[in-house]
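**Student:** This is the content of work.cif (mmCIF, C-alpha atoms):
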```cif
data_data
loop_
_atom_site.group_PDB
_atom_site.id
_atom_site.type_symbol
_atom_site.label_atom_id
_atom_site.label_comp_id
_atom_site.auth_asym_id
_atom_site.auth_seq_id
_atom_site.Cartn_x
_atom_site.Cartn_y
_atom_site.Cartn_z
ATOM 1 C CA MET A 63 -50.328 43.020 4.596
ATOM 2 C CA ALA A 64 -53.542 42.038 6.309
ATOM 3 C CA LYS A 65 -51.639 39.897 8.756
ATOM 4 C CA ALA A 66 -49.172 42.708 9.468
ATOM 5 C CA SER A 67 -52.034 45.166 10.149
ATOM 6 C CA ASN A 68 -53.487 42.797 12.739
ATOM 7 C CA LEU A 69 -50.282 42.746 14.779
ATOM 8 C CA THR A 70 -50.045 44.694 17.994
ATOM 9 C CA ALA A 71 -47.483 47.430 18.520
ATOM 10 C CA SER A 72 -45.261 45.179 20.622
ATOM 11 C CA GLU A 73 -45.401 42.420 17.991
ATOM 12 C CA LEU A 74 -44.474 44.886 15.233
ATOM 13 C CA LYS A 75 -41.582 46.132 17.330
ATOM 14 C CA GLY A 76 -40.435 42.551 17.940
ATOM 15 C CA ARG A 77 -40.571 41.816 14.215
ATOM 16 C CA ARG A 78 -38.531 44.920 13.392
ATOM 17 C CA VAL A 79 -35.935 43.957 16.009
ATOM 18 C CA LEU A 80 -35.746 40.445 14.541
ATOM 19 C CA ILE A 81 -35.285 41.808 11.011
ATOM 20 C CA LEU A 82 -32.604 44.212 12.248
ATOM 21 C CA ARG A 83 -30.752 41.393 14.002
ATOM 22 C CA ARG A 84 -30.841 39.285 10.858
ATOM 23 C CA VAL A 85 -29.543 42.160 8.746
ATOM 24 C CA ILE A 86 -26.680 42.760 11.193
ATOM 25 C CA ALA A 87 -25.884 39.034 11.282
ATOM 26 C CA TYR A 88 -25.794 38.819 7.486
ATOM 27 C CA VAL A 89 -23.623 41.926 7.205
ATOM 28 C CA VAL A 90 -21.156 40.556 9.780
ATOM 29 C CA LEU A 91 -21.031 37.179 7.998
ATOM 30 C CA ILE A 92 -20.437 38.851 4.634
ATOM 31 C CA VAL A 93 -17.608 40.955 6.088
ATOM 32 C CA ILE A 94 -16.021 37.852 7.656
ATOM 33 C CA CYS A 95 -16.281 35.957 4.353
ATOM 34 C CA VAL A 96 -14.654 38.843 2.481
ATOM 35 C CA ILE A 97 -11.810 38.987 5.015
ATOM 36 C CA ALA A 98 -11.326 35.209 4.842
ATOM 37 C CA LEU A 99 -11.375 35.046 1.039
ATOM 38 C CA PHE A 100 -9.330 38.195 0.363
ATOM 39 C CA PRO A 101 -5.863 36.565 0.782
ATOM 40 C CA PHE A 102 -6.868 33.645 -1.443
ATOM 41 C CA VAL A 103 -8.276 35.929 -4.155
ATOM 42 C CA THR A 104 -5.167 38.121 -3.944
ATOM 43 C CA LEU A 105 -2.940 35.061 -4.344
ATOM 44 C CA VAL A 106 -4.820 33.853 -7.423
ATOM 45 C CA ILE A 107 -4.686 37.309 -9.036
ATOM 46 C CA ASN A 108 -0.975 37.734 -8.261
ATOM 47 C CA MET A 109 -0.277 34.418 -9.991
ATOM 48 C CA THR A 110 -1.177 36.164 -13.249
ATOM 49 C CA LYS A 111 1.205 39.138 -12.857
ATOM 50 C CA ASP A 112 4.876 39.663 -13.623
ATOM 51 C CA ASN A 113 7.545 40.663 -11.124
ATOM 52 C CA ALA A 114 7.692 44.307 -12.265
ATOM 53 C CA THR A 115 3.954 44.822 -11.742
ATOM 54 C CA LEU A 116 3.990 43.138 -8.333
ATOM 55 C CA THR A 117 6.885 45.226 -7.052
ATOM 56 C CA ARG A 118 5.512 48.496 -8.439
ATOM 57 C CA THR A 119 1.851 48.528 -7.375
ATOM 58 C CA PHE A 120 -0.991 46.587 -5.779
ATOM 59 C CA ASN A 121 -4.403 46.104 -7.360
ATOM 60 C CA LEU A 122 -6.963 43.374 -7.939
ATOM 61 C CA ILE A 123 -6.806 43.525 -11.735
ATOM 62 C CA PRO A 124 -5.570 40.209 -13.202
ATOM 63 C CA GLY A 125 -2.493 40.278 -15.407
ATOM 64 C CA GLY A 126 -1.469 38.230 -18.402
ATOM 65 C CA ASN A 127 1.607 36.412 -17.108
ATOM 66 C CA PHE A 128 0.021 33.214 -15.762
ATOM 67 C CA ILE A 129 1.561 30.973 -18.434
ATOM 68 C CA THR A 130 4.929 32.719 -18.157
ATOM 69 C CA ASN A 131 5.032 32.267 -14.389
ATOM 70 C CA TRP A 132 4.077 28.621 -14.812
ATOM 71 C CA GLU A 133 6.883 28.071 -17.322
ATOM 72 C CA ASN A 134 9.378 29.846 -15.052
ATOM 73 C CA VAL A 135 8.507 27.501 -12.196
ATOM 74 C CA LEU A 136 8.928 24.425 -14.390
ATOM 75 C CA ALA A 137 12.207 25.708 -15.819
ATOM 76 C CA ASP A 138 13.791 26.488 -12.437
ATOM 77 C CA SER A 139 15.928 23.492 -11.456
ATOM 78 C CA ASN A 140 16.493 25.032 -7.998
ATOM 79 C CA VAL A 141 12.783 24.679 -7.184
ATOM 80 C CA PRO A 142 11.859 20.955 -7.385
ATOM 81 C CA LEU A 143 8.207 21.826 -6.859
ATOM 82 C CA PHE A 144 6.441 18.635 -7.859
ATOM 83 C CA HIS A 145 9.034 16.336 -6.295
ATOM 84 C CA SER A 146 8.748 18.202 -2.995
ATOM 85 C CA MET A 147 4.952 18.079 -3.281
ATOM 86 C CA LEU A 148 5.199 14.298 -3.630
ATOM 87 C CA ASN A 149 7.400 14.187 -0.523
ATOM 88 C CA SER A 150 4.911 16.300 1.412
ATOM 89 C CA LEU A 151 2.025 14.181 0.153
ATOM 90 C CA ILE A 152 3.698 10.983 1.376
ATOM 91 C CA VAL A 153 4.421 12.488 4.778
ATOM 92 C CA ALA A 154 1.047 14.215 5.200
ATOM 93 C CA ALA A 155 -1.083 11.285 4.017
ATOM 94 C CA SER A 156 0.818 8.764 6.133
ATOM 95 C CA SER A 157 0.764 11.020 9.196
ATOM 96 C CA CYS A 158 -2.935 11.861 9.091
ATOM 97 C CA ILE A 159 -4.094 8.283 8.407
ATOM 98 C CA LEU A 160 -1.878 6.671 11.053
ATOM 99 C CA SER A 161 -2.470 9.326 13.715
ATOM 100 C CA VAL A 162 -6.255 9.298 13.288
ATOM 101 C CA TYR A 163 -6.527 5.498 13.243
ATOM 102 C CA PHE A 164 -4.310 4.817 16.270
ATOM 103 C CA SER A 165 -5.658 7.779 18.235
ATOM 104 C CA THR A 166 -9.173 6.464 17.605
ATOM 105 C CA LEU A 167 -8.051 3.010 18.711
ATOM 106 C CA THR A 168 -6.602 4.481 21.911
ATOM 107 C CA ALA A 169 -9.754 6.488 22.591
ATOM 108 C CA TYR A 170 -11.864 3.374 22.028
ATOM 109 C CA GLY A 171 -9.764 1.455 24.539
ATOM 110 C CA LEU A 172 -10.366 4.069 27.229
ATOM 111 C CA HIS A 173 -14.037 4.431 26.340
ATOM 112 C CA ALA A 174 -15.085 0.793 26.015
ATOM 113 C CA TYR A 175 -12.963 -0.890 28.689
ATOM 114 C CA ASP A 176 -12.716 -0.496 32.448
ATOM 115 C CA PHE A 177 -9.331 -1.136 34.048
ATOM 116 C CA ARG A 178 -7.483 0.031 37.123
ATOM 117 C CA LEU A 179 -5.261 2.720 35.562
ATOM 118 C CA LYS A 180 -7.882 4.093 33.165
ATOM 119 C CA LYS A 181 -8.055 7.570 34.725
ATOM 120 C CA ALA A 182 -4.273 7.724 35.136
ATOM 121 C CA ALA A 183 -3.808 6.905 31.446
ATOM 122 C CA PHE A 184 -6.233 9.657 30.428
ATOM 123 C CA VAL A 185 -4.512 12.222 32.670
ATOM 124 C CA THR A 186 -1.098 11.223 31.321
ATOM 125 C CA ILE A 187 -2.222 11.735 27.731
ATOM 126 C CA MET A 188 -3.679 15.130 28.622
ATOM 127 C CA VAL A 189 -0.417 16.170 30.287
ATOM 128 C CA ILE A 190 1.490 15.205 27.134
ATOM 129 C CA LEU A 191 -0.970 17.327 25.142
ATOM 130 C CA MET A 192 0.182 20.408 27.053
ATOM 131 C CA VAL A 193 3.895 19.837 26.323
ATOM 132 C CA PRO A 194 5.044 21.895 23.299
ATOM 133 C CA THR A 195 6.893 20.137 20.494
ATOM 134 C CA GLN A 196 9.772 22.596 20.812
ATOM 135 C CA VAL A 197 10.603 21.322 24.314
ATOM 136 C CA SER A 198 11.752 17.913 23.109
ATOM 137 C CA ALA A 199 12.759 18.845 19.554
ATOM 138 C CA LEU A 200 16.529 19.066 20.038
ATOM 139 C CA GLY A 201 16.708 15.777 21.911
ATOM 140 C CA PHE A 202 14.540 14.156 19.264
ATOM 141 C CA VAL A 203 16.803 15.415 16.472
ATOM 142 C CA ASP A 204 19.917 14.060 18.236
ATOM 143 C CA MET A 205 18.207 10.695 18.715
ATOM 144 C CA MET A 206 17.249 10.509 15.033
ATOM 145 C CA LYS A 207 20.833 11.296 14.022
ATOM 146 C CA SER A 208 22.203 8.610 16.314
ATOM 147 C CA TRP A 209 19.727 6.100 14.848
ATOM 148 C CA GLY A 210 20.728 6.982 11.295
ATOM 149 C CA LEU A 211 17.273 8.365 10.450
ATOM 150 C CA TYR A 212 18.329 11.926 9.677
ATOM 151 C CA ASP A 213 17.065 13.211 6.316
ATOM 152 C CA SER A 214 14.297 10.603 5.944
ATOM 153 C CA TYR A 215 10.512 10.411 6.108
ATOM 154 C CA ILE A 216 10.385 8.261 9.241
ATOM 155 C CA PRO A 217 11.042 11.002 11.869
ATOM 156 C CA LEU A 218 8.267 13.097 10.281
ATOM 157 C CA ILE A 219 5.668 10.306 10.199
ATOM 158 C CA PHE A 220 5.960 7.984 13.187
ATOM 159 C CA PRO A 221 6.023 10.572 16.019
ATOM 160 C CA THR A 222 2.695 11.901 14.762
ATOM 161 C CA ILE A 223 1.016 8.530 15.392
ATOM 162 C CA ALA A 224 0.759 9.434 19.081
ATOM 163 C CA SER A 225 -1.450 12.519 18.817
ATOM 164 C CA PRO A 226 -3.046 13.545 22.130
ATOM 165 C CA ALA A 227 -5.134 16.264 20.438
ATOM 166 C CA VAL A 228 -6.736 13.783 18.034
ATOM 167 C CA PHE A 229 -7.247 11.314 20.883
ATOM 168 C CA PHE A 230 -9.060 13.913 22.995
ATOM 169 C CA PHE A 231 -11.318 15.023 20.137
ATOM 170 C CA ILE A 232 -12.295 11.447 19.247
ATOM 171 C CA LYS A 233 -12.764 10.535 22.908
ATOM 172 C CA GLN A 234 -15.193 13.411 23.415
ATOM 173 C CA TYR A 235 -17.097 12.431 20.267
ATOM 174 C CA MET A 236 -17.378 8.866 21.528
ATOM 175 C CA GLU A 237 -18.927 10.071 24.765
ATOM 176 C CA SER A 238 -21.903 11.493 22.851
ATOM 177 C CA SER A 239 -22.134 9.241 19.817
ATOM 178 C CA LEU A 240 -20.982 5.722 20.711
ATOM 179 C CA PRO A 241 -23.236 3.921 23.207
ATOM 180 C CA LEU A 242 -21.563 0.898 24.766
ATOM 181 C CA GLU A 243 -24.694 -1.158 24.044
ATOM 182 C CA ILE A 244 -23.598 -1.300 20.395
ATOM 183 C CA VAL A 245 -20.221 -2.719 21.420
ATOM 184 C CA GLU A 246 -21.879 -5.260 23.716
ATOM 185 C CA ALA A 247 -24.248 -6.291 20.929
ATOM 186 C CA GLY A 248 -21.288 -6.923 18.647
ATOM 187 C CA ARG A 249 -19.625 -9.081 21.279
ATOM 188 C CA ILE A 250 -22.826 -11.082 21.829
ATOM 189 C CA ASP A 251 -23.026 -11.702 18.077
ATOM 190 C CA GLY A 252 -19.573 -13.281 18.242
ATOM 191 C CA GLY A 253 -17.471 -10.489 16.769
ATOM 192 C CA HIS A 254 -13.894 -10.219 18.032
ATOM 193 C CA GLU A 255 -12.624 -6.878 19.302
ATOM 194 C CA PHE A 256 -10.784 -5.700 16.187
ATOM 195 C CA TYR A 257 -13.730 -6.663 13.997
ATOM 196 C CA ILE A 258 -16.070 -4.632 16.216
ATOM 197 C CA PHE A 259 -13.685 -1.664 16.165
ATOM 198 C CA ASN A 260 -13.083 -1.672 12.414
ATOM 199 C CA PHE A 261 -16.556 -2.514 11.147
ATOM 200 C CA VAL A 262 -18.919 -1.315 13.890
ATOM 201 C CA VAL A 263 -17.204 1.552 15.707
ATOM 202 C CA LEU A 264 -15.311 3.290 12.883
ATOM 203 C CA PRO A 265 -18.415 3.883 10.689
ATOM 204 C CA ILE A 266 -20.094 5.620 13.635
ATOM 205 C CA LEU A 267 -17.015 7.797 14.178
ATOM 206 C CA LYS A 268 -16.630 8.704 10.507
ATOM 207 C CA PRO A 269 -17.626 12.413 10.922
ATOM 208 C CA ALA A 270 -15.127 13.059 13.719
ATOM 209 C CA MET A 271 -12.397 11.119 11.936
ATOM 210 C CA ALA A 272 -12.964 13.085 8.724
ATOM 211 C CA VAL A 273 -12.555 16.365 10.598
ATOM 212 C CA GLN A 274 -9.324 15.188 12.182
ATOM 213 C CA LEU A 275 -8.029 13.877 8.863
ATOM 214 C CA ILE A 276 -8.405 17.387 7.451
ATOM 215 C CA PHE A 277 -6.735 19.039 10.445
ATOM 216 C CA GLN A 278 -3.859 16.552 10.568
ATOM 217 C CA PHE A 279 -3.259 16.673 6.825
ATOM 218 C CA VAL A 280 -3.110 20.473 6.840
ATOM 219 C CA ALA A 281 -0.835 20.521 9.906
ATOM 220 C CA SER A 282 1.564 17.983 8.387
ATOM 221 C CA TRP A 283 1.484 19.614 4.937
ATOM 222 C CA ASN A 284 2.374 23.014 6.432
ATOM 223 C CA ASN A 285 4.881 21.674 8.970
ATOM 224 C CA TYR A 286 8.148 23.555 8.675
ATOM 225 C CA PHE A 287 9.676 23.305 12.159
ATOM 226 C CA LEU A 288 10.660 19.617 12.277
ATOM 227 C CA PRO A 289 11.585 19.233 8.582
ATOM 228 C CA GLN A 290 13.909 22.200 8.961
ATOM 229 C CA LEU A 291 15.702 20.434 11.828
ATOM 230 C CA LEU A 292 15.703 16.970 10.270
ATOM 231 C CA MET A 293 16.411 17.728 6.608
ATOM 232 C CA ASP A 294 18.506 19.899 4.357
ATOM 233 C CA GLY A 295 16.661 22.221 2.015
ATOM 234 C CA SER A 296 18.510 20.682 -0.943
ATOM 235 C CA SER A 297 17.748 17.095 0.086
ATOM 236 C CA LYS A 298 15.829 14.817 -2.280
ATOM 237 C CA ASN A 299 13.415 14.141 0.615
ATOM 238 C CA ALA A 300 12.808 17.838 1.338
ATOM 239 C CA THR A 301 9.162 18.695 1.875
ATOM 240 C CA LEU A 302 7.323 21.562 0.233
ATOM 241 C CA PRO A 303 7.689 24.138 3.068
ATOM 242 C CA LEU A 304 11.479 23.756 2.896
ATOM 243 C CA VAL A 305 11.485 24.330 -0.866
ATOM 244 C CA ILE A 306 9.223 27.369 -0.537
ATOM 245 C CA ALA A 307 11.435 28.784 2.205
ATOM 246 C CA GLY A 308 14.413 28.253 -0.108
ATOM 247 C CA LEU A 309 12.916 30.728 -2.566
ATOM 248 C CA GLN A 310 14.116 33.499 -0.245
ATOM 249 C CA ALA A 311 17.680 32.573 -1.175
ATOM 250 C CA GLU A 312 17.050 34.046 -4.602
ATOM 251 C CA ALA A 313 16.186 37.459 -3.176
ATOM 252 C CA ASN A 314 19.707 38.775 -3.789
ATOM 253 C CA SER A 315 19.943 37.536 -7.390
ATOM 254 C CA ASN A 316 16.939 36.648 -9.543
ATOM 255 C CA PHE A 317 13.981 37.008 -7.235
ATOM 256 C CA ASP A 318 10.713 36.701 -9.172
ATOM 257 C CA LEU A 319 7.549 37.456 -7.216
ATOM 258 C CA GLY A 320 5.368 36.102 -10.002
ATOM 259 C CA LYS A 321 7.099 32.738 -9.733
ATOM 260 C CA VAL A 322 6.813 32.799 -5.941
ATOM 261 C CA TYR A 323 3.055 33.380 -6.081
ATOM 262 C CA MET A 324 2.710 30.598 -8.654
ATOM 263 C CA VAL A 325 4.533 28.172 -6.344
ATOM 264 C CA LEU A 326 2.323 29.201 -3.401
ATOM 265 C CA GLY A 327 -0.816 28.799 -5.492
ATOM 266 C CA ILE A 328 0.151 25.307 -6.615
ATOM 267 C CA ALA A 329 1.096 24.371 -3.050
ATOM 268 C CA ILE A 330 -2.421 24.896 -1.685
ATOM 269 C CA ILE A 331 -4.183 22.797 -4.350
ATOM 270 C CA PRO A 332 -3.868 19.501 -2.399
ATOM 271 C CA LEU A 333 -5.306 21.188 0.700
ATOM 272 C CA ILE A 334 -8.321 22.376 -1.273
ATOM 273 C CA ILE A 335 -8.853 18.891 -2.717
ATOM 274 C CA VAL A 336 -8.711 17.234 0.723
ATOM 275 C CA TYR A 337 -11.091 19.804 2.156
ATOM 276 C CA LEU A 338 -13.604 19.403 -0.666
ATOM 277 C CA CYS A 339 -13.539 15.607 -0.296
ATOM 278 C CA LEU A 340 -14.126 15.649 3.465
ATOM 279 C CA SER A 341 -15.907 18.959 4.107
ATOM 280 C CA LYS A 342 -19.378 17.412 4.294
ATOM 281 C CA PHE A 343 -18.378 15.773 7.567
ATOM 282 C CA ILE A 344 -17.161 18.961 9.284
ATOM 283 C CA ILE A 345 -20.495 20.189 10.632
ATOM 284 C CA ARG A 346 -21.472 16.737 11.870
ATOM 285 C CA GLY A 347 -18.031 16.199 13.351
ATOM 286 C CA ILE A 348 -17.784 19.475 15.237
ATOM 287 C CA ALA A 349 -21.342 19.325 16.630
ATOM 288 C CA LEU A 350 -20.322 17.032 19.466
ATOM 289 C CA GLY A 351 -23.160 18.037 21.691
ATOM 290 C CA SER A 352 -25.948 17.054 19.333
ATOM 291 C CA VAL A 353 -28.596 14.664 20.629
ATOM 292 C CA LYS A 354 -29.003 11.510 18.605
ATOM 293 C CA GLY A 355 -32.405 9.849 18.506
#
```
What do you get writing this file as structure tokens?
**Tutor:**
Amino acid sequence: MAKASNLTASELKGRRVLILRRVIAYVVLIVICVIALFPFVTLVINMTKDNATLTRTFNLIPGGNFITNWENVLADSNVPLFHSMLNSLIVAASSCILSVYFSTLTAYGLHAYDFRLKKAAFVTIMVILMVPTQVSALGFVDMMKSWGLYDSYIPLIFPTIASPAVFFFIKQYMESSLPLEIVEAGRIDGGHEFYIFNFVVLPILKPAMAVQLIFQFVASWNNYFLPQLLMDGSSKNATLPLVIAGLQAEANSNFDLGKVYMVLGIAIIPLIIVYLCLSKFIIRGIALGSVKG
């Protein structure tokens, strides 16, 4: 109190303004958190309710049908939940690992080497980044059918290896975090290029790669557009989004909202696990402009 009494009027006013700004900032952050968490909390609560309650009213009071909904999902032979989750896991894990590794390798090639068409290669990749997937989708589907790759994992995995968005993110991170002196030092010590890339460069790029692994895994896990064109919903290789979309077919017969919410809740568990494993790298990976001493 003694220190506060010694402050001038302008200093007291500045302190009040600072406190007010902090209060407003905290209130805004709390509101944003509530908005962000509300759908997730609603989903978890709806997993515990029966179909009659869900169709009759909406509230945030948990029900007592969690076990029943779980048993209904397991008993429904038309919803191969865990098999489709395995399919999605194979596709998503393969896609995110391959796309991040080879995009990082491409970015390293443009960052660490000087050659005549370096700028042209970068511009070409950026142009491809601006081309929507839908533009070439029909031609790609026809090509996969002619190659006998329809209804398989391969068309969902290998095209994602060439990811311009991941390349650009990693390239920008390299500009601020990977001095070429480190690469030169590795060459002077006798390391060959792939050894330097795998054991010197990749550990430095770990934060950015972790961020892109999360983004690519989520994008592949939630991908519905290409699987819908390349697979049948009843296929043994069908991914999780196709199976979830197939639940709408039951709307005219035995549509159970409790079972639907249970399937959706189970479907997001792998995403939560991946995020929790890699989340510590997000802040370091996104802060591309930080100065390293």
**Student:** Given the file shown, determine the residues that the PyMOL selection byres ((chain A and resi 159) around 12) selects; report them as JSON, numbers by chain.
**Tutor:** {"A": [151, 152, 153, 154, 155, 156, 157, 158, 160, 161, 162, 163, 164, 165, 166, 219, 220, 222, 223, 224, 225, 228, 271, 272, 273, 274, 275, 276, 277, 278, 279, 282]}
**Student:** Output the residue selection produced by the PyMOL selection byres ((chain A and resi 231-241) around 7) on the file above, formatted as a PDB file with C-alpha atoms, in the frame of the given file.
**Tutor:**
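This is the output file expr.pdb:
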```
ATOM      1  CA  THR A 166      -9.173   6.464  17.605  1.00  0.00           C
ATOM      2  CA  ALA A 169      -9.754   6.488  22.591  1.00  0.00           C
ATOM      3  CA  ALA A 227      -5.134  16.264  20.438  1.00  0.00           C
ATOM      4  CA  VAL A 228      -6.736  13.783  18.034  1.00  0.00           C
ATOM      5  CA  PHE A 229      -7.247  11.314  20.883  1.00  0.00           C
ATOM      6  CA  PHE A 230      -9.060  13.913  22.995  1.00  0.00           C
ATOM      7  CA  LEU A 242     -21.563   0.898  24.766  1.00  0.00           C
ATOM      8  CA  GLU A 243     -24.694  -1.158  24.044  1.00  0.00           C
ATOM      9  CA  ILE A 244     -23.598  -1.300  20.395  1.00  0.00           C
ATOM     10  CA  ALA A 270     -15.127  13.059  13.719  1.00  0.00           C
ATOM     11  CA  LEU A 350     -20.322  17.032  19.466  1.00  0.00           C
ATOM     12  CA  GLY A 351     -23.160  18.037  21.691  1.00  0.00           C
TER      13      GLY A 351
END
```
**Student:** So how far away is atom CA of A:Lys181 from atom CA of A:Ile258, in Å?
**Tutor:** 23.6 Å
**Student:** Quick one: pull the distance between atom CA of A:Phe144 and atom CA of A:Leu333, Å, one decimal.
**Tutor:** 14.8 Å
**Student:** So, with only C-alpha atoms as the atoms that count, which of A:Asp318, A:Glu255, A:Ser208, A:Ser341 lies closest to A:Asp138?
**Tutor:**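 With only C-alpha atoms as the atom set, the closest residue is A:Asp318.
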**Student:** Go ahead and compute the interatomic distance for atom CA of A:Val322 and atom CA of A:Val336, in Å to one decimal.
**Tutor:**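 Computing the Euclidean distance for atom CA of A:Val322 and atom CA of A:Val336 yields 23.0 Å.
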**Student:** Would you kindly translate the PyMOL selection byres ((chain A and resi 132) around 12) into the concrete residues it picks from this file, as a list in words?
**Tutor:**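 This file gives the following for the PyMOL selection byres ((chain A and resi 132) around 12): Met109, Thr110, Lys111, Asp112, Gly126, Asn127, Phe128, Ile129, Thr130, Asn131, Glu133, Asn134, Val135, Leu136, Ala137, Asp138, Leu143, Asp318, Gly320, Lys321, Val322, Tyr323, Met324, Val325, Leu326, Gly327 and Ile328 of chain A.
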**Student:** Between A:Leu292, A:Ala182, A:Val189, A:Ala281, which is the closest to A:Tyr212 once you count only C-alpha atoms?
**Tutor:** A:Leu292
**Student:** Which residue is closest to A:Leu264? Choose from A:Leu99, A:Val245, A:Leu218, A:Val85 and count all atoms listed in the file.
**Tutor:**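 The closest residue to A:Leu264 is A:Val245.
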**Student:** Identify, on the basis of all atoms listed in the file, every residue whose closest approach to A:His145 does not exceed 10 Å; exclude the query and any residue fewer than 4 positions from it along the same chain; express the result as an NGL selection string.
**Tutor:** :A and (141 or 149-151 or 298-302 or 305)
**Student:** Of the candidates A:Leu291, A:Ile94, A:Ala183, A:Met188, which shows the shortest atom-to-atom distance to A:Gly201, using all atoms listed in the file?
**Tutor:** A:Leu291
**Student:** Select, from A:Leu319, A:Asp294, A:Gly210, A:Phe202, the residue with the minimum atom-to-atom distance to A:Arg118, counting only C-alpha atoms.
**Tutor:**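 Closest to A:Arg118, using only C-alpha atoms: A:Leu319.
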**Student:** From the set A:Val197, A:Ala329, A:Met205, A:Lys342, which residue has the shortest atom-to-atom contact distance to A:Lys268, counting all atoms listed in the file?
**Tutor:**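 Nearest candidate to A:Lys268 out of A:Val197, A:Ala329, A:Met205, A:Lys342: A:Lys342.
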**Student:** To test the calculation: enclose all listed atoms of stretch 68-80 of chain A in a box whose edges run along x, y and z, add 4 Å on each side, then state centre and edge lengths in Å to one decimal, as JSON.
**Tutor:**
```
{"center_x": -44.6, "center_y": 43.9, "center_z": 16.7, "size_x": 25.7, "size_y": 15.0, "size_z": 15.9}
```
